[in-house]
$ cat work20.cif   # mmCIF, C-alpha atoms
data_entry
#
loop_
_atom_site.label_atom_id
_atom_site.label_comp_id
_atom_site.auth_asym_id
_atom_site.auth_seq_id
_atom_site.Cartn_x
_atom_site.Cartn_y
_atom_site.Cartn_z
CA MET V 1 0.00 0.00 0.00
CA THR V 2 1.24 3.46 -0.86
CA GLY V 3 -1.76 5.37 0.37
CA PRO V 4 -4.94 6.52 -1.32
CA LYS V 5 -5.28 5.96 -5.08
CA PRO V 6 -5.04 9.63 -6.18
CA LEU V 7 -1.76 9.92 -4.27
CA SER V 8 -0.21 6.80 -5.80
CA ASN V 9 -1.47 7.95 -9.22
CA LEU V 10 0.36 11.23 -8.79
CA MET V 11 3.52 9.42 -7.67
CA GLU V 12 3.33 7.31 -10.84
CA GLN V 13 2.99 10.44 -12.95
CA PHE V 14 5.99 12.08 -11.31
CA GLN V 15 7.99 8.88 -11.77
CA LYS V 16 7.43 9.07 -15.53
CA LEU V 17 9.46 12.30 -15.66
CA PRO V 18 13.12 11.90 -16.59
CA GLY V 19 15.51 11.54 -13.66
CA ILE V 20 12.76 11.14 -11.04
CA GLY V 21 12.82 7.90 -9.07
CA ARG V 22 10.41 6.37 -6.58
CA LYS V 23 11.65 8.26 -3.52
CA THR V 24 11.69 11.65 -5.26
CA ALA V 25 8.25 11.02 -6.77
CA GLU V 26 6.97 10.27 -3.27
CA ARG V 27 8.50 13.43 -1.87
CA LEU V 28 7.05 15.55 -4.69
CA ALA V 29 3.58 14.00 -4.33
CA PHE V 30 3.57 14.76 -0.59
CA HIS V 31 4.70 18.29 -1.37
CA ILE V 32 1.72 18.71 -3.71
CA LEU V 33 -0.58 17.29 -1.05
CA LYS V 34 0.54 19.98 1.39
CA ALA V 35 0.77 22.81 -1.15
CA ASP V 36 -1.82 25.52 -1.52
CA ILE V 37 -4.72 24.42 -3.73
CA LYS V 38 -4.36 27.54 -5.88
CA ASP V 39 -0.69 26.83 -6.54
CA VAL V 40 -1.52 23.28 -7.57
CA ALA V 41 -4.28 24.48 -9.89
CA ARG V 42 -1.78 26.89 -11.48
CA PHE V 43 0.69 24.04 -11.92
CA ALA V 44 -1.93 21.84 -13.60
CA GLU V 45 -2.96 24.78 -15.78
CA SER V 46 0.58 25.50 -16.93
CA LEU V 47 1.07 21.85 -17.87
CA ARG V 48 -1.91 22.07 -20.21
CA ASP V 49 -0.95 25.51 -21.49
CA VAL V 50 2.43 24.29 -22.69
CA LYS V 51 0.81 21.58 -24.77
CA GLU V 52 -1.98 23.78 -26.09
CA LYS V 53 -0.32 27.15 -26.67
CA VAL V 54 3.27 26.40 -27.65
CA SER V 55 4.02 25.43 -31.23
CA LEU V 56 6.91 25.62 -33.66
CA CYS V 57 7.72 28.73 -35.70
CA SER V 58 7.08 27.97 -39.38
CA VAL V 59 10.17 29.95 -40.38
CA CYS V 60 12.92 28.95 -37.94
CA GLY V 61 11.38 25.97 -36.11
CA SER V 62 11.90 27.33 -32.61
CA LEU V 63 9.24 27.26 -29.90
CA THR V 64 6.71 30.05 -29.94
CA GLU V 65 3.21 31.14 -29.02
CA LEU V 66 2.76 33.22 -32.19
CA ASP V 67 3.78 32.25 -35.72
CA PRO V 68 6.27 33.50 -36.90
CA CYS V 69 8.16 33.71 -33.61
CA ALA V 70 9.24 36.90 -31.84
CA ILE V 71 12.79 36.59 -33.22
CA CYS V 72 11.78 35.99 -36.86
CA SER V 73 9.29 38.88 -36.78
CA ASP V 74 11.64 41.30 -35.02
CA PRO V 75 12.73 43.99 -37.54
CA GLU V 76 15.84 44.65 -35.44
CA ARG V 77 17.22 41.15 -35.96
CA ASN V 78 19.67 40.66 -38.81
CA LYS V 79 18.02 38.25 -41.28
CA GLY V 80 21.35 38.01 -43.11
CA VAL V 81 22.89 35.78 -40.44
CA ILE V 82 21.30 32.41 -39.65
CA CYS V 83 22.47 30.36 -36.67
CA VAL V 84 21.74 26.67 -37.23
CA VAL V 85 21.06 24.62 -34.10
CA GLU V 86 19.91 21.08 -33.41
CA GLU V 87 17.01 21.54 -31.01
CA PRO V 88 14.58 24.32 -30.01
CA HIS V 89 16.16 24.64 -26.56
CA ASP V 90 19.51 25.44 -28.19
CA VAL V 91 17.93 28.71 -29.37
CA PHE V 92 17.37 29.72 -25.74
CA ALA V 93 20.98 28.82 -24.86
CA VAL V 94 22.29 31.19 -27.53
CA GLU V 95 19.70 33.86 -26.66
CA ARG V 96 20.80 33.79 -23.03
CA ILE V 97 24.25 35.16 -23.91
CA GLY V 98 22.39 38.17 -25.34
CA GLU V 99 24.95 38.92 -28.03
CA PHE V 100 23.68 37.21 -31.16
CA THR V 101 21.58 39.56 -33.28
CA GLY V 102 20.84 37.27 -36.21
CA VAL V 103 18.06 34.71 -36.63
CA TYR V 104 17.88 30.95 -36.13
CA HIS V 105 17.17 27.73 -37.93
CA VAL V 106 16.34 24.63 -35.87
CA LEU V 107 17.17 21.32 -37.55
CA MET V 108 15.07 19.20 -35.15
CA GLY V 109 17.85 16.70 -34.67
CA VAL V 110 21.10 15.57 -36.27
CA LEU V 111 22.01 13.17 -39.02
CA SER V 112 22.19 9.71 -37.52
CA PRO V 113 22.00 6.95 -40.15
CA LEU V 114 21.93 4.19 -37.50
CA ASP V 115 18.74 5.68 -36.05
CA GLY V 116 17.30 6.16 -39.53
CA VAL V 117 17.66 9.95 -39.45
CA GLY V 118 18.72 11.20 -42.88
CA PRO V 119 18.64 14.75 -44.34
CA GLU V 120 14.93 14.34 -45.19
CA GLU V 121 14.04 13.83 -41.54
CA LEU V 122 15.70 17.14 -40.61
CA ARG V 123 14.77 20.71 -41.58
CA ILE V 124 17.73 20.95 -43.98
CA GLY V 125 15.55 21.46 -47.07
CA GLU V 126 13.93 24.46 -45.36
CA LEU V 127 17.38 25.88 -44.61
CA VAL V 128 18.43 25.55 -48.23
CA ALA V 129 15.19 27.25 -49.32
CA ARG V 130 15.85 30.15 -46.92
CA VAL V 131 19.37 30.59 -48.29
CA GLU V 132 18.18 30.32 -51.92
CA LYS V 133 15.62 33.06 -51.33
CA GLY V 134 18.66 35.32 -50.99
CA GLY V 135 19.86 37.94 -48.54
CA VAL V 136 21.66 35.45 -46.33
CA ASP V 137 25.32 36.43 -45.91
CA GLU V 138 26.34 33.87 -43.32
CA VAL V 139 25.16 30.54 -41.93
CA ILE V 140 26.71 29.75 -38.54
CA VAL V 141 26.59 26.01 -37.86
CA ALA V 142 26.08 25.64 -34.10
CA THR V 143 25.33 21.93 -33.87
CA ASN V 144 26.84 20.14 -30.88
CA PRO V 145 30.57 19.32 -31.05
CA ASN V 146 30.17 15.53 -31.19
CA VAL V 147 30.28 12.97 -34.00
CA GLU V 148 26.67 13.49 -35.20
CA GLY V 149 26.84 17.27 -34.81
CA GLU V 150 30.09 17.51 -36.76
CA ALA V 151 28.81 15.24 -39.54
CA THR V 152 25.59 17.25 -39.81
CA GLY V 153 27.62 20.47 -39.94
CA MET V 154 29.79 19.06 -42.68
CA TYR V 155 26.74 17.98 -44.68
CA ILE V 156 25.22 21.46 -44.40
CA ALA V 157 28.50 23.10 -45.46
CA LYS V 158 28.63 20.82 -48.51
CA ILE V 159 25.03 21.35 -49.56
CA LEU V 160 25.30 25.16 -49.15
CA GLY V 161 28.64 25.28 -51.01
CA GLY V 162 28.51 27.47 -54.16
CA LYS V 163 25.40 29.32 -52.98
CA ASN V 164 27.36 32.52 -52.34
CA THR V 165 26.78 32.29 -48.58
CA LEU V 166 29.56 32.04 -46.01
CA VAL V 167 29.18 28.91 -43.87
CA THR V 168 30.98 29.05 -40.50
CA ARG V 169 31.27 26.70 -37.54
CA ILE V 170 31.31 27.77 -33.87
CA ALA V 171 34.76 27.43 -32.29
CA ARG V 172 35.73 24.19 -30.61
CA GLY V 173 38.37 24.58 -27.88
CA LEU V 174 38.94 24.66 -24.16
CA PRO V 175 35.92 25.83 -22.15
CA MET V 176 36.45 28.95 -20.03
CA GLY V 177 37.66 27.94 -16.57
CA GLY V 178 38.91 24.66 -18.03
CA ASP V 179 42.33 23.17 -17.46
CA LEU V 180 44.85 22.27 -20.17
CA GLU V 181 46.04 19.31 -18.12
CA TYR V 182 42.59 17.73 -17.97
CA ALA V 183 41.45 18.53 -21.52
CA ASP V 184 40.96 15.53 -23.80
CA GLU V 185 43.20 15.16 -26.87
CA VAL V 186 40.51 15.99 -29.44
CA THR V 187 39.49 19.22 -27.67
CA LEU V 188 43.11 20.29 -27.24
CA SER V 189 43.86 19.52 -30.87
CA LYS V 190 40.81 21.61 -31.96
CA ALA V 191 41.95 24.42 -29.64
CA ILE V 192 45.36 24.54 -31.27
CA ILE V 193 44.01 24.30 -34.83
CA GLY V 194 41.48 27.04 -34.08
CA ARG V 195 43.99 29.42 -32.45
CA LEU V 196 43.47 33.13 -33.04
CA LYS V 197 45.97 35.99 -33.39
CA MET V 198 46.25 37.95 -30.12
CA MET M 1 14.66 34.95 -22.82
CA THR M 2 13.69 31.42 -21.93
CA GLY M 3 11.24 30.84 -24.72
CA PRO M 4 7.48 31.31 -24.98
CA LYS M 5 5.59 32.40 -21.86
CA PRO M 6 3.70 29.14 -21.21
CA LEU M 7 7.02 27.28 -21.27
CA SER M 8 8.76 29.62 -18.83
CA ASN M 9 5.64 29.51 -16.63
CA LEU M 10 5.88 25.74 -16.46
CA MET M 11 9.61 25.94 -15.66
CA GLU M 12 8.77 28.28 -12.79
CA GLN M 13 6.16 25.85 -11.49
CA PHE M 14 8.60 22.94 -11.61
CA GLN M 15 11.22 25.04 -9.86
CA LYS M 16 8.87 25.54 -6.92
CA LEU M 17 9.02 21.81 -6.17
CA PRO M 18 11.53 20.78 -3.51
CA GLY M 19 14.96 19.76 -4.81
CA ILE M 20 14.30 20.95 -8.38
CA GLY M 21 16.67 23.63 -9.67
CA ARG M 22 16.67 25.71 -12.83
CA LYS M 23 18.35 23.13 -15.07
CA THR M 24 16.13 20.27 -13.95
CA ALA M 25 13.01 22.43 -14.28
CA GLU M 26 14.06 23.23 -17.84
CA ARG M 27 14.62 19.57 -18.65
CA LEU M 28 11.25 18.60 -17.18
CA ALA M 29 9.41 21.39 -19.04
CA PHE M 30 10.92 20.27 -22.35
CA HIS M 31 9.97 16.71 -21.53
CA ILE M 32 6.35 17.82 -21.02
CA LEU M 33 6.50 19.74 -24.30
CA LYS M 34 7.45 16.57 -26.15
CA ALA M 35 5.20 14.23 -24.18
CA ASP M 36 1.91 12.89 -25.47
CA ILE M 37 -0.94 15.36 -24.85
CA LYS M 38 -3.04 12.64 -23.18
CA ASP M 39 -0.25 11.83 -20.73
CA VAL M 40 0.08 15.51 -19.84
CA ALA M 41 -3.67 15.82 -19.33
CA ARG M 42 -3.54 12.79 -17.02
CA PHE M 43 -0.67 14.40 -15.08
CA ALA M 44 -2.61 17.66 -14.68
CA GLU M 45 -5.67 15.67 -13.65
CA SER M 46 -3.82 13.70 -10.99
CA LEU M 47 -2.41 16.91 -9.51
CA ARG M 48 -5.94 18.21 -9.00
CA ASP M 49 -7.25 14.84 -7.81
CA VAL M 50 -4.76 14.69 -4.99
CA LYS M 51 -5.90 18.05 -3.67
CA GLU M 52 -9.59 17.37 -4.17
CA LYS M 53 -10.01 13.71 -3.25
CA VAL M 54 -7.45 13.02 -0.53
CA SER M 55 -8.25 14.02 3.04
CA LEU M 56 -7.33 12.92 6.54
CA CYS M 57 -9.04 10.02 8.32
CA SER M 58 -11.03 11.42 11.25
CA VAL M 59 -10.01 8.45 13.42
CA CYS M 60 -6.30 7.91 12.81
CA GLY M 61 -5.30 11.00 10.83
CA SER M 62 -3.73 9.15 7.91
CA LEU M 63 -4.39 10.03 4.26
CA THR M 64 -7.50 8.56 2.72
CA GLU M 65 -10.15 8.95 0.05
CA LEU M 66 -12.93 7.64 2.31
CA ASP M 67 -13.51 8.51 5.96
CA PRO M 68 -12.73 6.48 8.05
CA CYS M 69 -9.75 5.11 6.16
CA ALA M 70 -9.37 1.57 4.81
CA ILE M 71 -7.25 0.53 7.80
CA CYS M 72 -9.58 1.94 10.48
CA SER M 73 -12.64 0.39 8.84
CA ASP M 74 -11.00 -3.01 8.23
CA PRO M 75 -12.57 -5.57 10.65
CA GLU M 76 -9.43 -7.74 10.30
CA ARG M 77 -7.16 -5.10 11.86
CA ASN M 78 -6.52 -5.36 15.59
CA LYS M 79 -8.00 -2.20 17.15
CA GLY M 80 -6.28 -3.14 20.42
CA VAL M 81 -2.84 -2.11 19.14
CA ILE M 82 -2.22 1.49 18.06
CA CYS M 83 0.99 2.48 16.33
CA VAL M 84 1.70 6.19 16.88
CA VAL M 85 3.62 7.93 14.08
CA GLU M 86 4.58 11.53 13.33
CA GLU M 87 3.36 12.03 9.77
CA PRO M 88 0.86 10.43 7.37
CA HIS M 89 3.63 9.07 5.16
CA ASP M 90 5.04 7.12 8.12
CA VAL M 91 1.88 5.00 7.96
CA PHE M 92 2.84 3.90 4.45
CA ALA M 93 6.38 3.08 5.60
CA VAL M 94 5.04 0.72 8.28
CA GLU M 95 2.40 -0.71 5.93
CA ARG M 96 5.08 -1.55 3.36
CA ILE M 97 6.68 -4.14 5.69
CA GLY M 98 3.28 -5.88 5.63
CA GLU M 99 3.58 -7.32 9.14
CA PHE M 100 1.77 -4.86 11.39
CA THR M 101 -1.87 -5.84 11.88
CA GLY M 102 -2.91 -3.10 14.31
CA VAL M 103 -4.15 0.42 13.59
CA TYR M 104 -2.46 3.82 13.51
CA HIS M 105 -2.55 7.23 15.08
CA VAL M 106 -0.86 10.12 13.25
CA LEU M 107 0.33 12.95 15.51
CA MET M 108 0.82 15.45 12.63
CA GLY M 109 4.24 16.48 13.89
CA VAL M 110 6.37 16.31 17.02
CA LEU M 111 6.71 18.42 20.13
CA SER M 112 9.02 21.29 19.33
CA PRO M 113 8.74 24.16 21.83
CA LEU M 114 11.15 26.35 19.84
CA ASP M 115 8.84 26.18 16.81
CA GLY M 116 5.81 26.78 19.03
CA VAL M 117 4.53 23.20 18.71
CA GLY M 118 3.10 22.05 22.03
CA PRO M 119 0.81 19.08 22.84
CA GLU M 120 -2.27 21.10 21.76
CA GLU M 121 -0.88 21.47 18.23
CA LEU M 122 -0.55 17.69 17.87
CA ARG M 123 -3.25 14.98 17.83
CA ILE M 124 -2.30 13.82 21.33
CA GLY M 125 -5.71 14.65 22.83
CA GLU M 126 -7.34 12.41 20.21
CA LEU M 127 -4.95 9.59 21.13
CA VAL M 128 -5.82 9.89 24.82
CA ALA M 129 -9.52 9.86 23.92
CA ARG M 130 -9.06 6.68 21.85
CA VAL M 131 -7.25 4.97 24.74
CA GLU M 132 -9.83 6.16 27.30
CA LYS M 133 -12.65 4.68 25.21
CA GLY M 134 -11.09 1.35 26.16
CA GLY M 135 -10.09 -1.82 24.34
CA VAL M 136 -6.56 -0.59 23.63
CA ASP M 137 -4.00 -3.07 24.99
CA GLU M 138 -0.85 -1.50 23.56
CA VAL M 139 0.33 1.83 22.18
CA ILE M 140 3.52 1.48 20.11
CA VAL M 141 5.35 4.81 19.91
CA ALA M 142 6.99 4.90 16.46
CA THR M 143 8.10 8.54 16.33
CA ASN M 144 11.48 9.15 14.72
CA PRO M 145 14.57 8.33 16.83
CA ASN M 146 15.78 11.92 17.20
CA VAL M 147 15.54 14.53 19.98
CA GLU M 148 12.00 15.71 19.14
CA GLY M 149 10.72 12.21 18.43
CA GLU M 150 12.11 10.86 21.71
CA ALA M 151 10.70 13.79 23.72
CA THR M 152 7.28 13.35 22.11
CA GLY M 153 7.41 9.63 22.85
CA MET M 154 8.29 10.30 26.47
CA TYR M 155 5.43 12.80 26.81
CA ILE M 156 2.95 10.27 25.40
CA ALA M 157 4.23 7.53 27.75
CA LYS M 158 3.77 9.88 30.72
CA ILE M 159 0.28 11.05 29.76
CA LEU M 160 -0.92 7.48 29.08
CA GLY M 161 0.63 6.16 32.33
CA GLY M 162 -1.92 4.66 34.72
CA LYS M 163 -4.48 4.16 31.93
CA ASN M 164 -4.01 0.38 32.00
CA THR M 165 -2.49 0.38 28.52
CA LEU M 166 1.01 -0.87 27.71
CA VAL M 167 3.10 1.85 26.04
CA THR M 168 6.06 0.56 24.03
CA ARG M 169 8.75 2.19 21.90
CA ILE M 170 10.15 0.76 18.64
CA ALA M 171 13.71 -0.60 19.03
CA ARG M 172 16.66 1.72 18.48
CA GLY M 173 19.83 -0.08 17.41
CA LEU M 174 22.08 -0.86 14.50
CA PRO M 175 20.29 -0.86 11.13
CA MET M 176 20.43 -4.15 9.19
CA GLY M 177 23.51 -4.18 6.97
CA GLY M 178 25.10 -1.59 9.26
CA ASP M 179 28.59 -1.79 10.65
CA LEU M 180 29.53 -1.73 14.37
CA GLU M 181 32.71 0.18 13.56
CA TYR M 182 30.85 3.04 11.88
CA ALA M 183 27.87 3.24 14.25
CA ASP M 184 27.62 6.43 16.30
CA GLU M 185 27.92 6.17 20.10
CA VAL M 186 24.26 6.87 20.86
CA THR M 187 23.02 4.21 18.44
CA LEU M 188 25.51 1.66 19.76
CA SER M 189 24.56 2.47 23.35
CA LYS M 190 20.85 2.03 22.49
CA ALA M 191 21.67 -1.26 20.75
CA ILE M 192 23.38 -2.61 23.86
CA ILE M 193 20.68 -1.37 26.24
CA GLY M 194 18.00 -2.87 24.00
CA ARG M 195 19.70 -6.26 23.60
CA LEU M 196 17.42 -9.30 23.41
CA LYS M 197 17.88 -12.88 24.61
CA MET M 198 18.89 -15.15 21.72
#

$ encode --input "work20.cif" --output "structure tokens"
Amino acid sequence: MTGPKPLSNLMEQFQKLPGIGRKTAERLAFHILKADIKDVARFAESLRDVKEKVSLCSVCGSLTELDPCAICSDPERNKGVICVVEEPHDVFAVERIGEFTGVYHVLMGVLSPLDGVGPEELRIGELVARVEKGGVDEVIVATNPNVEGEATGMYIAKILGGKNTLVTRIARGLPMGGDLEYADEVTLSKAIIGRLKM
Amino acid sequence: MTGPKPLSNLMEQFQKLPGIGRKTAERLAFHILKADIKDVARFAESLRDVKEKVSLCSVCGSLTELDPCAICSDPERNKGVICVVEEPHDVFAVERIGEFTGVYHVLMGVLSPLDGVGPEELRIGELVARVEKGGVDEVIVATNPNVEGEATGMYIAKILGGKNTLVTRIARGLPMGGDLEYADEVTLSKAIIGRLKM
């Protein structure tokens, strides 16, 4: 027995979330039980809201309430620079630094032949169409620095080659606060290859 | 910017839960975004259900959908033995071992003069009333083995003294799988005092 049915139901629901085990689910369910009824109603409401009100921008593919998204429809943003990322949440990571003034293009994944993800499964065709429409000076490939991300970046560079648009890749090197001694060989090698004049 | 408003709302809600920080809240909110809409509706539903359908048993104070609870209204349970615990979730902990056949009494806390919790704030009066109604052979004090739990246990033993009911305390000693070498002095002392004939 784990208590009344609604309580064990809620524990089950919490346990379905990533990284939440039985003990944590129990603790969270008891927290809800003691929480203010208004707060709980707000929580339930915001769960539904996310599913009902958030969709993908038809231009860049990032998460938005309105279509096109706030970034794509912002006249201040430079439409000539497109930052290509893997997932919608990567857009928020770049936005948080507050320095990028261009627009985005979300691929919705990376090339991964073993998982059956080819170029058709990604939003690469849409990227090519955006570039072919003209006015795009630079495409910054900001996929993750791992095997799939690098391969996807390479594929994009190849397919956009000869389209009169500069394709760049974000720098790979030692993270700030990192330590040369503990850096892996590949990162260190990338850091040396990508060195800049001081 | 952390994305569309409904998404950042949900992150905020997750962050209010105990032990959930910004990064985890973000991960959970994105999980909800990708989850099946039916699953999310069920989650929202179970949040409300817990607040609306779960209440406290008027006899023992444990969590229940019906009043009195399943344990108090079970004719198979021995009403002559009452296990006194601090919180409703302690009932589930004892129930999980599946060996206790008596009934419960939840105190809803422990004596803690510094926090302004005296006997009137706890369900001690209700316990005395249950014992005075008669038919109670034994009261097992299963408060937590810490300063407040011990003090509360002692207070209950004193107030029930002379009421013709045996008051017992759960054993304090080395936990199973524990190690004599690493046991603290108080636990080891309790283990020796509480030794049993083999």

$ closest_residue --input "work20.cif" --among "M:Leu28, M:Ala44, M:Met176, M:Ala171" --to "Ile193 of chain M" --atoms "all atoms listed in the file"
M:Ala171

$ resolve_selection --input "work20.cif" --expression "the PyMOL selection byres ((chain M and resi 13-24) around 10)" --output "MDAnalysis selection string"
(chainID V and resid 18:19 24 27:29 31:32 35 39:40 42:44 46:47) or (chainID M and resid 7:12 25:30)

$ residues_around --input "work20.cif" --residues "Val131 of chain M" --least-positions-apart "5" --cutoff "8 Å" --atoms "all atoms listed in the file" --output "JSON, numbers by chain"
{"M": [136, 163, 165]}

$ closest_residue --input "work20.cif" --among "V:Glu138, V:Glu95, V:Asp74, V:Glu86" --to "chain M" --atoms "only C-alpha atoms"
V:Glu95

$ closest_residue --input "work20.cif" --among "V:Asp49, V:Glu150, V:Asp137, V:Asp115" --to "chain M" --atoms "all atoms listed in the file"
V:Asp49

$ resolve_selection --input "work20.cif" --expression "the PyMOL selection byres ((chain V and resi 68-73) around 7)" --output "number ranges by chain"
V: 57-59, 64, 66-67, 74-75, 77, 103

$ atom_distance --input "work20.cif" --atom1 "atom CA of Arg48 of chain M" --atom2 "atom CA of Pro4 of chain V"
14.0 Å

$ closest_residue --input "work20.cif" --among "M:Phe92, M:Arg130, M:Ser62, M:Gly80" --to "chain V" --atoms "all atoms listed in the file"
M:Phe92

$ atom_distance --input "work20.cif" --atom1 "atom CA of Gly194 of chain M" --atom2 "atom CA of Pro175 of chain M"
13.2 Å

$ resolve_selection --input "work20.cif" --expression "the PyMOL selection byres ((chain V and resi 104) around 9)" --output "MDAnalysis selection string"
chainID V and resid 59:62 71:72 79 81:85 91 102:103 105:106

$ atom_distance --input "work20.cif" --atom1 "atom CA of Ser55 of chain M" --atom2 "atom CA of Glu87 of chain M"
13.6 Å

$ axis_aligned_box --input "work20.cif" --around "segment 73-83 of chain V" --padding-each-side "6 Å" --output "AutoDock Vina command-line options"
--center_x 16.1 --center_y 37.5 --center_z -39.1 --size_x 25.6 --size_y 26.3 --size_z 20.1

$ residues_around --input "work20.cif" --residues "Asn164 of chain M" --least-positions-apart "3" --cutoff "12 Å" --atoms "only C-alpha atoms" --output "MDAnalysis selection string"
chainID M and resid 131:139 157 159:161 167

$ closest_residue --input "work20.cif" --among "V:Gly109, V:Pro88, V:Gly149, V:Gly118" --to "chain M" --atoms "all atoms listed in the file"
V:Pro88

$ build_atoms --input "work20.cif" --residues "segment 31-38 of chain V" --atoms "all heavy atoms" --output "compact mmCIF listing (two decimals), in the coordinates of the input"
# COMPACT_ATOMS: atom_id res chain seq x y z
N HIS V 31 4.60 16.83 -1.30
CA HIS V 31 4.70 18.29 -1.37
C HIS V 31 3.41 18.86 -1.97
O HIS V 31 2.85 19.83 -1.45
CB HIS V 31 5.92 18.68 -2.20
CG HIS V 31 5.98 20.15 -2.49
ND1 HIS V 31 6.55 21.05 -1.62
CD2 HIS V 31 5.52 20.87 -3.53
CE1 HIS V 31 6.43 22.26 -2.12
NE2 HIS V 31 5.82 22.18 -3.30
N ILE V 32 2.95 18.25 -3.06
CA ILE V 32 1.72 18.71 -3.71
C ILE V 32 0.54 18.62 -2.74
O ILE V 32 -0.30 19.52 -2.66
CB ILE V 32 1.45 17.87 -4.98
CG1 ILE V 32 2.52 18.11 -6.04
CG2 ILE V 32 0.05 18.16 -5.54
CD1 ILE V 32 2.53 19.50 -6.63
N LEU V 33 0.51 17.53 -2.00
CA LEU V 33 -0.58 17.29 -1.05
C LEU V 33 -0.65 18.42 -0.02
O LEU V 33 -1.74 18.82 0.41
CB LEU V 33 -0.29 15.97 -0.33
CG LEU V 33 -1.45 15.29 0.37
CD1 LEU V 33 -2.51 14.90 -0.61
CD2 LEU V 33 -0.95 14.07 1.12
N LYS V 34 0.51 18.93 0.37
CA LYS V 34 0.54 19.98 1.39
C LYS V 34 0.46 21.38 0.79
O LYS V 34 0.22 22.35 1.50
CB LYS V 34 1.85 19.88 2.20
CG LYS V 34 1.85 18.74 3.19
CD LYS V 34 3.12 18.79 4.04
CE LYS V 34 3.22 17.58 4.93
NZ LYS V 34 4.51 17.53 5.64
N ALA V 35 0.71 21.49 -0.51
CA ALA V 35 0.77 22.81 -1.15
C ALA V 35 -0.61 23.46 -1.19
O ALA V 35 -1.63 22.80 -1.05
CB ALA V 35 1.33 22.66 -2.55
N ASP V 36 -0.59 24.75 -1.40
CA ASP V 36 -1.82 25.52 -1.52
C ASP V 36 -2.61 25.06 -2.75
O ASP V 36 -2.02 24.84 -3.80
CB ASP V 36 -1.46 27.01 -1.65
CG ASP V 36 -2.68 27.89 -1.59
OD1 ASP V 36 -3.20 28.06 -0.48
OD2 ASP V 36 -3.10 28.38 -2.64
N ILE V 37 -3.91 24.94 -2.62
CA ILE V 37 -4.72 24.42 -3.73
C ILE V 37 -4.63 25.31 -4.97
O ILE V 37 -4.64 24.83 -6.10
CB ILE V 37 -6.18 24.17 -3.30
CG1 ILE V 37 -6.93 23.38 -4.39
CG2 ILE V 37 -6.91 25.47 -2.99
CD1 ILE V 37 -8.07 22.56 -3.87
N LYS V 38 -4.47 26.61 -4.74
CA LYS V 38 -4.36 27.54 -5.88
C LYS V 38 -3.07 27.31 -6.64
O LYS V 38 -3.04 27.35 -7.87
CB LYS V 38 -4.41 28.98 -5.38
CG LYS V 38 -5.83 29.50 -5.21
CD LYS V 38 -5.81 30.99 -4.88
CE LYS V 38 -7.00 31.36 -4.02
NZ LYS V 38 -6.68 32.39 -3.03
